[in-house]
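Student: Can you read through this structure? Questions will come right after.
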Amino acid sequence: MFCGSMVAIVTPMTADGALDWAAWDRLLDFHVREGTDGIVVAGTTGESPALSVAEIEELTHRAVARCRGKVKILVGAGSHATDVTVARTRTLSRLGVDGVMLVTPYYNKPPQEGLYRHFIAAADASAVPVILYNVPSRTGVDLLPSTVARLARHPRIVGIKEATASLNRAREIVGACPPEFVLLSGDDATAIDFLGVGARGVISVSANVAPRRMHEACTAALSGDLTGARTIDASLQPLHKDLFVEASPIPVKWAVARMGIIGNAIRLPLVELAPAHHETVLRAMRAAGVTLEDQAA
């Protein structure tokens with residue numbers, strides 16, 4: 001159900017911090033046109049910690065209205081508190097999305113049993129399939145394969161976005177879970193390697209900037225052409241690396257702004273990309289064949 005290149009989409013904003021709805025429409029249309037396989041609203045790259053629940057609902061409403069039936073739509077519903085996550089999941093899962101994505105509870109560092117109970121409670125409240133999201137570098141907690149295998153028995157928990165970049169971890173998850181359970185890479189730099197050991201796709205930062213190439217690389221890998229996938233991916237590796245020269249989504253929002261799709265605005269406590277990194281990101285974009293706004297003109 002969930003496969004290929006799924007973009008962890010940025011959230012466009014105006015200079016005064018409001019959401020930019022005209023840019024949101026342009027961005028959604030861009031991904032449909034460029035072959036993106038799925039759109040993940042209000043993920044980490046979408047600045048979910050800085051968005052209100054009402055804003056996430058409106059972003060989701062508009063994405064569903066514009067893109068449903070064209071690409072898969074997931075929405076981030078996770079938080080650090082189980083009751084909040086359950087409430088968000090109950091609401092957001094009923095907006096016409098194809099699934100919800102639930103990050104591990106951050107900051108409070110629950111044990112594995114706490115993680116298990118947290119996700120079961122949220123899955124029980126969901127009207128649609130659930131994708132788990134494990135990103136220990138941001139949350140301070142690691143969802144272990146043994147716990148993933150327990151959670152995979154729930155009928156609505158259908159997959160995981162695994163952002164550890166560990167191929168051993170990927171193999172463990174594939175080996176421990178049912179064949180229909182979907183492993184998605186959460187790390188662009190190792191995504192093709194993940195697909196080579198049984199992952200079905202990637203939830204991608206780089207797809208914000210080079211969606212067509214990310215889609216092509218995933219399509220090649222899923223068809224068994226890992227050599228072709230790696231050839232495509234080689235030109236994207238600078239992008240995978242340099243979109244993290246500062247905390248994401250700072251560089252990727254700047255890059256999409258340089259493409260002329262959105263404005264260069266971001267919410268505090270994040271700030272605009274430092275000028276010292278501009279040329280680094282531009283070089284990576286050029287290597288990936290990305291058309292910049294001044295080139296398009």
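Each chain of the structure tokens is named A, B, ... in the order shown, its residues numbered from 1; ligands are numbered from 1 in display order.
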Which residues of segment 8-94 of chain A sit at most 10 Å from segment 259-265 of chain A, using only C-alpha atoms? Give each one's shortest atom pair and distance in Å (one decimal place), in chain and ascending residue order, as a Markdown table.
Tutor:
```
| residue | atom | partner | partner_atom | distance |
| --- | --- | --- | --- | --- |
| A:Val10 | CA | A:Ile262 | CA | 9.4 |
| A:Thr11 | CA | A:Ile262 | CA | 9.0 |
| A:Pro12 | CA | A:Ile262 | CA | 5.9 |
| A:Met13 | CA | A:Ala265 | CA | 5.5 |
| A:Thr14 | CA | A:Ala265 | CA | 5.9 |
| A:Ala15 | CA | A:Ala265 | CA | 5.6 |
| A:Asp16 | CA | A:Ala265 | CA | 8.3 |
| A:Gly17 | CA | A:Ala265 | CA | 7.2 |
| A:Ala18 | CA | A:Ala265 | CA | 9.4 |
| A:Leu19 | CA | A:Ala265 | CA | 9.7 |
| A:Asp20 | CA | A:Ile262 | CA | 8.2 |
| A:Ala22 | CA | A:Ile262 | CA | 8.9 |
| A:Ala23 | CA | A:Ile262 | CA | 5.4 |
| A:Trp24 | CA | A:Ile262 | CA | 7.9 |
| A:Asp25 | CA | A:Ile261 | CA | 9.7 |
| A:Arg26 | CA | A:Ile261 | CA | 6.5 |
| A:Leu27 | CA | A:Ile261 | CA | 6.4 |
| A:Phe30 | CA | A:Ile261 | CA | 8.4 |
```
Student: So that I have them on file, write out the residues from the current selection with N, CA and C atoms, as a JSON list (two decimals), in the first residue's frame.
Tutor:
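Generated file (part02.json):
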```json
[["chain", "number", "residue", "atom", "x", "y", "z"],
["A", 10, "VAL", "N", 7.69, 19.79, 3.07],
["A", 10, "VAL", "CA", 7.85, 21.01, 3.85],
["A", 10, "VAL", "C", 6.52, 21.75, 3.95],
["A", 11, "THR", "N", 6.42, 22.62, 4.93],
["A", 11, "THR", "CA", 5.20, 23.41, 5.13],
["A", 11, "THR", "C", 5.49, 24.86, 4.75],
["A", 12, "PRO", "N", 4.90, 25.37, 3.68],
["A", 12, "PRO", "CA", 5.18, 26.75, 3.25],
["A", 12, "PRO", "C", 4.61, 27.77, 4.23],
["A", 13, "MET", "N", 5.37, 28.83, 4.45],
["A", 13, "MET", "CA", 4.96, 29.90, 5.35],
["A", 13, "MET", "C", 5.27, 31.24, 4.74],
["A", 14, "THR", "N", 4.55, 32.26, 5.20],
["A", 14, "THR", "CA", 4.83, 33.63, 4.79],
["A", 14, "THR", "C", 5.80, 34.27, 5.76],
["A", 15, "ALA", "N", 6.27, 35.45, 5.42],
["A", 15, "ALA", "CA", 7.28, 36.11, 6.25],
["A", 15, "ALA", "C", 6.80, 36.38, 7.67],
["A", 16, "ASP", "N", 5.50, 36.54, 7.84],
["A", 16, "ASP", "CA", 4.98, 36.81, 9.18],
["A", 16, "ASP", "C", 4.65, 35.54, 9.95],
["A", 17, "GLY", "N", 4.99, 34.37, 9.38],
["A", 17, "GLY", "CA", 4.81, 33.11, 10.08],
["A", 17, "GLY", "C", 3.51, 32.39, 9.80],
["A", 18, "ALA", "N", 2.61, 32.99, 9.04],
["A", 18, "ALA", "CA", 1.36, 32.33, 8.69],
["A", 18, "ALA", "C", 1.60, 31.24, 7.65],
["A", 19, "LEU", "N", 0.69, 30.28, 7.57],
["A", 19, "LEU", "CA", 0.80, 29.27, 6.53],
["A", 19, "LEU", "C", 0.45, 29.88, 5.18],
["A", 20, "ASP", "N", 1.21, 29.52, 4.16],
["A", 20, "ASP", "CA", 1.05, 30.08, 2.82],
["A", 20, "ASP", "C", 0.24, 29.09, 1.98],
["A", 22, "ALA", "N", -1.46, 29.41, -0.89],
["A", 22, "ALA", "CA", -1.21, 29.40, -2.33],
["A", 22, "ALA", "C", 0.04, 28.57, -2.65],
["A", 23, "ALA", "N", 1.06, 28.72, -1.83],
["A", 23, "ALA", "CA", 2.28, 27.94, -2.02],
["A", 23, "ALA", "C", 2.04, 26.47, -1.72],
["A", 24, "TRP", "N", 1.19, 26.18, -0.75],
["A", 24, "TRP", "CA", 0.85, 24.79, -0.44],
["A", 24, "TRP", "C", 0.22, 24.11, -1.67],
["A", 25, "ASP", "N", -0.69, 24.80, -2.33],
["A", 25, "ASP", "CA", -1.31, 24.25, -3.53],
["A", 25, "ASP", "C", -0.26, 24.02, -4.62],
["A", 26, "ARG", "N", 0.63, 24.99, -4.82],
["A", 26, "ARG", "CA", 1.70, 24.83, -5.83],
["A", 26, "ARG", "C", 2.58, 23.63, -5.51],
["A", 27, "LEU", "N", 2.90, 23.49, -4.25],
["A", 27, "LEU", "CA", 3.79, 22.41, -3.81],
["A", 27, "LEU", "C", 3.13, 21.05, -4.02],
["A", 30, "PHE", "N", 3.08, 20.27, -7.71],
["A", 30, "PHE", "CA", 4.45, 19.95, -8.14],
["A", 30, "PHE", "C", 4.75, 18.47, -7.90]]
```
Student: Write down as a PyMOL selection string the residues of segment 87-264 of chain A whose backbone DSSP state falls under strand (DSSP E).
Tutor: chain A and resi 99-103+130-134+157-162+182-185+201-204
Student: To test your reading of the structure, identify every residue in segment 121-260 of chain A that backbone DSSP assigns to helix (DSSP H, G or I), and report it as a CSV table (one decimal) with N, CA and C atoms, in the first residue's frame.
Tutor:
```csv
chain,number,residue,atom,x,y,z
A,121,ALA,N,-2.5,1.9,21.9
A,121,ALA,CA,-3.6,2.8,22.2
A,121,ALA,C,-4.0,3.7,21.0
A,122,ALA,N,-2.9,4.2,20.3
A,122,ALA,CA,-3.2,5.1,19.2
A,122,ALA,C,-3.8,4.3,18.0
A,123,ALA,N,-3.2,3.1,17.8
A,123,ALA,CA,-3.7,2.3,16.7
A,123,ALA,C,-5.2,1.9,16.9
A,124,ASP,N,-5.6,1.6,18.1
A,124,ASP,CA,-7.0,1.3,18.5
A,124,ASP,C,-7.9,2.4,18.1
A,125,ALA,N,-7.4,3.7,18.2
A,125,ALA,CA,-8.2,4.9,17.9
A,125,ALA,C,-8.2,5.3,16.4
A,136,PRO,N,15.6,7.8,16.5
A,136,PRO,CA,16.3,8.0,17.8
A,136,PRO,C,17.1,9.2,17.9
A,137,SER,N,17.7,9.7,16.8
A,137,SER,CA,18.6,10.8,16.9
A,137,SER,C,17.8,12.1,17.3
A,138,ARG,N,16.5,12.1,17.0
A,138,ARG,CA,15.7,13.3,17.4
A,138,ARG,C,14.9,13.0,18.7
A,139,THR,N,14.5,11.8,18.9
A,139,THR,CA,13.5,11.6,20.0
A,139,THR,C,14.2,11.1,21.3
A,145,PRO,N,13.5,-3.8,17.2
A,145,PRO,CA,12.8,-4.7,16.3
A,145,PRO,C,11.9,-5.7,17.0
A,146,SER,N,12.2,-6.1,18.2
A,146,SER,CA,11.4,-7.1,18.9
A,146,SER,C,10.1,-6.4,19.3
A,147,THR,N,10.1,-5.1,19.6
A,147,THR,CA,8.8,-4.4,19.9
A,147,THR,C,8.1,-4.1,18.6
A,148,VAL,N,8.8,-3.8,17.5
A,148,VAL,CA,8.1,-3.6,16.2
A,148,VAL,C,7.4,-4.9,15.8
A,149,ALA,N,8.0,-6.1,16.1
A,149,ALA,CA,7.4,-7.3,15.7
A,149,ALA,C,6.1,-7.6,16.5
A,150,ARG,N,6.1,-7.2,17.8
A,150,ARG,CA,4.9,-7.3,18.6
A,150,ARG,C,3.8,-6.4,18.1
A,151,LEU,N,4.2,-5.1,17.7
A,151,LEU,CA,3.2,-4.2,17.2
A,151,LEU,C,2.6,-4.6,15.9
A,167,LEU,N,21.5,-1.0,8.2
A,167,LEU,CA,21.1,-2.1,7.4
A,167,LEU,C,20.9,-3.4,8.2
A,168,ASN,N,21.6,-3.5,9.3
A,168,ASN,CA,21.4,-4.7,10.2
A,168,ASN,C,20.0,-4.5,10.8
A,169,ARG,N,19.6,-3.3,11.2
A,169,ARG,CA,18.3,-3.0,11.8
A,169,ARG,C,17.2,-3.3,10.7
A,170,ALA,N,17.5,-2.9,9.5
A,170,ALA,CA,16.5,-3.2,8.4
A,170,ALA,C,16.3,-4.7,8.3
A,171,ARG,N,17.4,-5.4,8.2
A,171,ARG,CA,17.2,-6.9,8.1
A,171,ARG,C,16.5,-7.5,9.3
A,172,GLU,N,16.8,-7.0,10.5
A,172,GLU,CA,16.1,-7.5,11.7
A,172,GLU,C,14.6,-7.3,11.6
A,173,ILE,N,14.2,-6.1,11.2
A,173,ILE,CA,12.8,-5.8,11.1
A,173,ILE,C,12.1,-6.7,10.0
A,174,VAL,N,12.7,-6.8,8.8
A,174,VAL,CA,12.2,-7.7,7.8
A,174,VAL,C,12.0,-9.1,8.2
A,175,GLY,N,13.1,-9.6,9.0
A,175,GLY,CA,13.0,-11.0,9.4
A,175,GLY,C,12.1,-11.2,10.5
A,176,ALA,N,11.8,-10.2,11.4
A,176,ALA,CA,10.9,-10.4,12.5
A,176,ALA,C,9.4,-10.2,12.3
A,188,ASP,N,17.7,9.2,3.5
A,188,ASP,CA,17.9,9.2,2.0
A,188,ASP,C,19.2,8.6,1.6
A,189,ALA,N,20.2,8.8,2.4
A,189,ALA,CA,21.6,8.4,1.9
A,189,ALA,C,21.7,6.9,1.8
A,190,THR,N,20.9,6.1,2.6
A,190,THR,CA,21.0,4.7,2.6
A,190,THR,C,19.7,4.0,2.1
A,191,ALA,N,18.8,4.8,1.5
A,191,ALA,CA,17.5,4.3,1.1
A,191,ALA,C,17.6,3.2,0.1
A,192,ILE,N,18.4,3.3,-0.9
A,192,ILE,CA,18.5,2.3,-1.9
A,192,ILE,C,19.1,1.0,-1.3
A,193,ASP,N,20.0,1.1,-0.4
A,193,ASP,CA,20.5,-0.1,0.3
A,193,ASP,C,19.4,-0.7,1.1
A,194,PHE,N,18.5,0.1,1.7
A,194,PHE,CA,17.4,-0.4,2.4
A,194,PHE,C,16.5,-1.2,1.5
A,195,LEU,N,16.2,-0.6,0.3
A,195,LEU,CA,15.4,-1.3,-0.6
A,195,LEU,C,16.0,-2.6,-1.1
A,196,GLY,N,17.3,-2.7,-1.1
A,196,GLY,CA,18.0,-3.9,-1.5
A,196,GLY,C,17.8,-5.0,-0.5
A,206,SER,N,15.0,14.6,0.5
A,206,SER,CA,15.5,14.9,-0.8
A,206,SER,C,14.4,15.0,-1.9
A,207,ALA,N,13.3,14.3,-1.7
A,207,ALA,CA,12.2,14.3,-2.6
A,207,ALA,C,11.5,15.6,-2.7
A,208,ASN,N,11.7,16.5,-1.7
A,208,ASN,CA,11.2,17.9,-1.8
A,208,ASN,C,11.9,18.6,-2.9
A,211,PRO,N,12.1,15.3,-6.7
A,211,PRO,CA,11.1,14.3,-6.6
A,211,PRO,C,11.1,13.3,-7.8
A,212,ARG,N,11.3,13.7,-9.0
A,212,ARG,CA,11.3,12.8,-10.1
A,212,ARG,C,12.4,11.8,-10.0
A,213,ARG,N,13.6,12.3,-9.7
A,213,ARG,CA,14.8,11.4,-9.6
A,213,ARG,C,14.6,10.4,-8.4
A,214,MET,N,14.1,10.9,-7.3
A,214,MET,CA,13.8,9.9,-6.2
A,214,MET,C,12.8,8.9,-6.6
A,215,HIS,N,11.8,9.3,-7.3
A,215,HIS,CA,10.8,8.3,-7.7
A,215,HIS,C,11.4,7.3,-8.7
A,216,GLU,N,12.3,7.8,-9.6
A,216,GLU,CA,12.9,6.9,-10.6
A,216,GLU,C,13.9,5.9,-9.9
A,217,ALA,N,14.6,6.4,-8.9
A,217,ALA,CA,15.5,5.5,-8.2
A,217,ALA,C,14.8,4.4,-7.4
A,218,CYS,N,13.7,4.8,-6.8
A,218,CYS,CA,12.9,3.8,-6.0
A,218,CYS,C,12.2,2.8,-7.0
A,219,THR,N,11.7,3.3,-8.1
A,219,THR,CA,11.1,2.4,-9.1
A,219,THR,C,12.1,1.4,-9.6
A,220,ALA,N,13.3,1.8,-9.9
A,220,ALA,CA,14.3,0.9,-10.4
A,220,ALA,C,14.6,-0.1,-9.3
A,221,ALA,N,14.8,0.3,-8.1
A,221,ALA,CA,15.2,-0.7,-7.0
A,221,ALA,C,14.1,-1.7,-6.8
A,222,LEU,N,12.8,-1.2,-6.8
A,222,LEU,CA,11.7,-2.1,-6.5
A,222,LEU,C,11.5,-3.1,-7.7
A,226,LEU,N,18.9,-2.8,-9.0
A,226,LEU,CA,19.6,-2.1,-8.0
A,226,LEU,C,20.8,-1.3,-8.6
A,227,THR,N,21.4,-1.8,-9.7
A,227,THR,CA,22.5,-1.1,-10.3
A,227,THR,C,22.0,0.2,-10.9
A,228,GLY,N,20.8,0.1,-11.6
A,228,GLY,CA,20.2,1.4,-12.2
A,228,GLY,C,19.8,2.3,-11.1
A,229,ALA,N,19.3,1.8,-10.0
A,229,ALA,CA,18.9,2.7,-8.9
A,229,ALA,C,20.1,3.4,-8.3
A,230,ARG,N,21.2,2.7,-8.1
A,230,ARG,CA,22.4,3.3,-7.5
A,230,ARG,C,23.0,4.3,-8.5
A,231,THR,N,22.9,4.1,-9.8
A,231,THR,CA,23.4,5.1,-10.7
A,231,THR,C,22.6,6.4,-10.6
A,232,ILE,N,21.3,6.3,-10.5
A,232,ILE,CA,20.5,7.5,-10.3
A,232,ILE,C,20.8,8.1,-9.0
A,233,ASP,N,20.9,7.3,-8.0
A,233,ASP,CA,21.1,7.8,-6.6
A,233,ASP,C,22.5,8.5,-6.4
A,234,ALA,N,23.5,8.1,-7.2
A,234,ALA,CA,24.8,8.7,-7.1
A,234,ALA,C,24.7,10.2,-7.3
A,237,GLN,N,23.4,11.8,-4.0
A,237,GLN,CA,24.1,11.7,-2.8
A,237,GLN,C,24.5,13.0,-2.2
A,238,PRO,N,25.0,14.0,-3.0
A,238,PRO,CA,25.4,15.3,-2.4
A,238,PRO,C,24.1,16.0,-1.8
A,239,LEU,N,23.0,15.8,-2.4
A,239,LEU,CA,21.8,16.4,-1.9
A,239,LEU,C,21.4,15.7,-0.6
A,240,HIS,N,21.5,14.4,-0.5
A,240,HIS,CA,21.2,13.6,0.7
A,240,HIS,C,22.0,14.1,1.9
A,241,LYS,N,23.3,14.4,1.6
A,241,LYS,CA,24.2,14.9,2.6
A,241,LYS,C,24.0,16.4,3.0
A,242,ASP,N,23.9,17.2,2.0
A,242,ASP,CA,24.0,18.6,2.2
A,242,ASP,C,22.7,19.3,2.6
A,250,ILE,N,15.8,23.3,7.8
A,250,ILE,CA,16.3,24.6,7.4
A,250,ILE,C,16.9,24.6,6.0
A,251,PRO,N,17.8,23.6,5.7
A,251,PRO,CA,18.4,23.7,4.3
A,251,PRO,C,17.4,23.3,3.2
A,252,VAL,N,16.5,22.4,3.5
A,252,VAL,CA,15.5,21.9,2.4
A,252,VAL,C,14.5,23.0,2.1
A,253,LYS,N,14.1,23.8,3.1
A,253,LYS,CA,13.1,24.9,2.9
A,253,LYS,C,13.8,25.9,2.0
A,254,TRP,N,15.1,26.2,2.3
A,254,TRP,CA,15.8,27.2,1.5
A,254,TRP,C,15.9,26.7,0.1
A,255,ALA,N,16.2,25.4,-0.1
A,255,ALA,CA,16.4,24.9,-1.4
A,255,ALA,C,15.1,24.9,-2.2
A,256,VAL,N,13.9,24.6,-1.6
A,256,VAL,CA,12.7,24.6,-2.3
A,256,VAL,C,12.3,26.1,-2.6
A,257,ALA,N,12.7,27.0,-1.8
A,257,ALA,CA,12.5,28.4,-2.1
A,257,ALA,C,13.3,28.9,-3.3
A,258,ARG,N,14.5,28.4,-3.4
A,258,ARG,CA,15.3,28.7,-4.6
A,258,ARG,C,14.8,28.1,-5.9
```
Student: Neighbouring residues of segment 93-106 of chain A were defined as those with any atom within 7 Å, considering only C-alpha atoms; residues of the same chain fewer than 5 positions away were excluded. Please report them as a PDB file with N, CA and C atoms, in the first residue's frame.
Tutor:
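Result went into part07.pdb, see below:
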```pdb
ATOM      1  N   HIS A  61      -6.690  18.589   5.261  1.00  0.00           N
ATOM      2  CA  HIS A  61      -7.908  18.792   4.477  1.00  0.00           C
ATOM      3  C   HIS A  61      -7.569  19.185   3.053  1.00  0.00           C
ATOM      4  N   VAL A  64      -5.798  16.376   1.004  1.00  0.00           N
ATOM      5  CA  VAL A  64      -6.746  15.344   0.603  1.00  0.00           C
ATOM      6  C   VAL A  64      -7.617  15.842  -0.553  1.00  0.00           C
ATOM      7  N   LYS A  72      -0.652   8.686  -2.452  1.00  0.00           N
ATOM      8  CA  LYS A  72      -1.014   8.330  -1.090  1.00  0.00           C
ATOM      9  C   LYS A  72      -0.754   9.531  -0.166  1.00  0.00           C
ATOM     10  N   ILE A  73      -1.598   9.691   0.829  1.00  0.00           N
ATOM     11  CA  ILE A  73      -1.438  10.795   1.777  1.00  0.00           C
ATOM     12  C   ILE A  73      -1.383  10.237   3.197  1.00  0.00           C
ATOM     13  N   LEU A  74      -0.291  10.544   3.867  1.00  0.00           N
ATOM     14  CA  LEU A  74      -0.102  10.222   5.280  1.00  0.00           C
ATOM     15  C   LEU A  74      -0.043  11.529   6.061  1.00  0.00           C
ATOM     16  N   VAL A  75      -0.430  11.478   7.324  1.00  0.00           N
ATOM     17  CA  VAL A  75      -0.295  12.659   8.172  1.00  0.00           C
ATOM     18  C   VAL A  75       0.341  12.252   9.496  1.00  0.00           C
ATOM     19  N   GLY A  76       1.261  13.091   9.970  1.00  0.00           N
ATOM     20  CA  GLY A  76       1.886  12.855  11.256  1.00  0.00           C
ATOM     21  C   GLY A  76       0.935  13.201  12.388  1.00  0.00           C
ATOM     22  N   ALA A  77       0.689  12.222  13.262  1.00  0.00           N
ATOM     23  CA  ALA A  77      -0.248  12.428  14.362  1.00  0.00           C
ATOM     24  C   ALA A  77       0.396  12.193  15.726  1.00  0.00           C
ATOM     25  N   GLY A  78       1.682  11.895  15.751  1.00  0.00           N
ATOM     26  CA  GLY A  78       2.331  11.527  17.004  1.00  0.00           C
ATOM     27  C   GLY A  78       2.697  12.715  17.869  1.00  0.00           C
ATOM     28  N   SER A  79       2.856  12.445  19.150  1.00  0.00           N
ATOM     29  CA  SER A  79       3.346  13.440  20.106  1.00  0.00           C
ATOM     30  C   SER A  79       4.048  12.699  21.239  1.00  0.00           C
ATOM     31  N   HIS A  80       4.502  13.450  22.243  1.00  0.00           N
ATOM     32  CA  HIS A  80       5.192  12.829  23.373  1.00  0.00           C
ATOM     33  C   HIS A  80       4.234  12.246  24.404  1.00  0.00           C
ATOM     34  N   ALA A  81       2.940  12.554  24.302  1.00  0.00           N
ATOM     35  CA  ALA A  81       1.954  12.123  25.290  1.00  0.00           C
ATOM     36  C   ALA A  81       0.943  11.184  24.637  1.00  0.00           C
ATOM     37  N   SER A 126      -7.351   4.641  15.606  1.00  0.00           N
ATOM     38  CA  SER A 126      -7.203   5.059  14.217  1.00  0.00           C
ATOM     39  C   SER A 126      -8.253   4.424  13.310  1.00  0.00           C
ATOM     40  N   ALA A 127      -8.692   5.199  12.333  1.00  0.00           N
ATOM     41  CA  ALA A 127      -9.625   4.696  11.319  1.00  0.00           C
ATOM     42  C   ALA A 127      -8.897   4.197  10.074  1.00  0.00           C
ATOM     43  N   VAL A 128      -7.577   4.389  10.032  1.00  0.00           N
ATOM     44  CA  VAL A 128      -6.796   4.028   8.842  1.00  0.00           C
ATOM     45  C   VAL A 128      -5.504   3.333   9.277  1.00  0.00           C
ATOM     46  N   PRO A 129      -4.767   2.758   8.332  1.00  0.00           N
ATOM     47  CA  PRO A 129      -3.501   2.120   8.673  1.00  0.00           C
ATOM     48  C   PRO A 129      -2.515   3.077   9.346  1.00  0.00           C
ATOM     49  N   VAL A 130      -1.658   2.481  10.180  1.00  0.00           N
ATOM     50  CA  VAL A 130      -0.684   3.233  10.970  1.00  0.00           C
ATOM     51  C   VAL A 130       0.734   2.843  10.540  1.00  0.00           C
ATOM     52  N   ILE A 131       1.567   3.871  10.327  1.00  0.00           N
ATOM     53  CA  ILE A 131       2.998   3.685  10.104  1.00  0.00           C
ATOM     54  C   ILE A 131       3.736   4.189  11.346  1.00  0.00           C
ATOM     55  N   LEU A 132       4.519   3.328  11.968  1.00  0.00           N
ATOM     56  CA  LEU A 132       5.368   3.738  13.082  1.00  0.00           C
ATOM     57  C   LEU A 132       6.538   4.558  12.538  1.00  0.00           C
ATOM     58  N   TYR A 133       7.118   5.378  13.408  1.00  0.00           N
ATOM     59  CA  TYR A 133       8.240   6.228  12.975  1.00  0.00           C
ATOM     60  C   TYR A 133       9.302   6.207  14.063  1.00  0.00           C
ATOM     61  N   ASN A 134      10.458   5.618  13.728  1.00  0.00           N
ATOM     62  CA  ASN A 134      11.551   5.489  14.680  1.00  0.00           C
ATOM     63  C   ASN A 134      12.722   6.364  14.248  1.00  0.00           C
ATOM     64  N   THR A 139      14.468  11.810  18.903  1.00  0.00           N
ATOM     65  CA  THR A 139      13.519  11.576  19.999  1.00  0.00           C
ATOM     66  C   THR A 139      14.172  11.144  21.291  1.00  0.00           C
ATOM     67  N   GLY A 140      15.371  10.573  21.211  1.00  0.00           N
ATOM     68  CA  GLY A 140      16.027  10.082  22.416  1.00  0.00           C
ATOM     69  C   GLY A 140      15.538   8.714  22.862  1.00  0.00           C
ATOM     70  N   VAL A 141      14.788   8.026  22.005  1.00  0.00           N
ATOM     71  CA  VAL A 141      14.294   6.691  22.332  1.00  0.00           C
ATOM     72  C   VAL A 141      14.315   5.847  21.065  1.00  0.00           C
TER      73      VAL A 141
END
```
Student: Show me, as number ranges by chain, the residues that have an atom within 9 Å of Glu57 of chain A when counting only C-alpha atoms, minus same-chain residues fewer than 4 positions from it.
Tutor: A: 52-53, 61-62, 91-92, 95
Student: In Å to one decimal, how far is atom CA of Arg88 of chain A from atom CA of Glu58 of chain A?
Tutor: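 That distance, rounded to one decimal, is 13.2 Å.
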Student: Mind giving me the straight-line distance from atom CA of His277 of chain A to atom CA of Val202 of chain A in Å, one decimal?
Tutor: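 So the answer is 25.8 Å.
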Student: By how many Å are atom CA of Leu243 of chain A and atom CA of Ser5 of chain A apart?
Tutor: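 One can read the atom CA of Leu243 of chain A to atom CA of Ser5 of chain A distance as 16.9 Å.
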Student: Name the residues in contact with Met6 of chain A at a cut-off of 8 Å, using only C-alpha atoms, excluding same-chain residues fewer than 4 positions from it; report them as a list in words.
Tutor: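 After dropping sequence-adjacent residues, the list is Thr36, Asp37, Gly38, Ile39, Val40, Gly201, Val202, Ile203, Ser204 and Ala207 of chain A.
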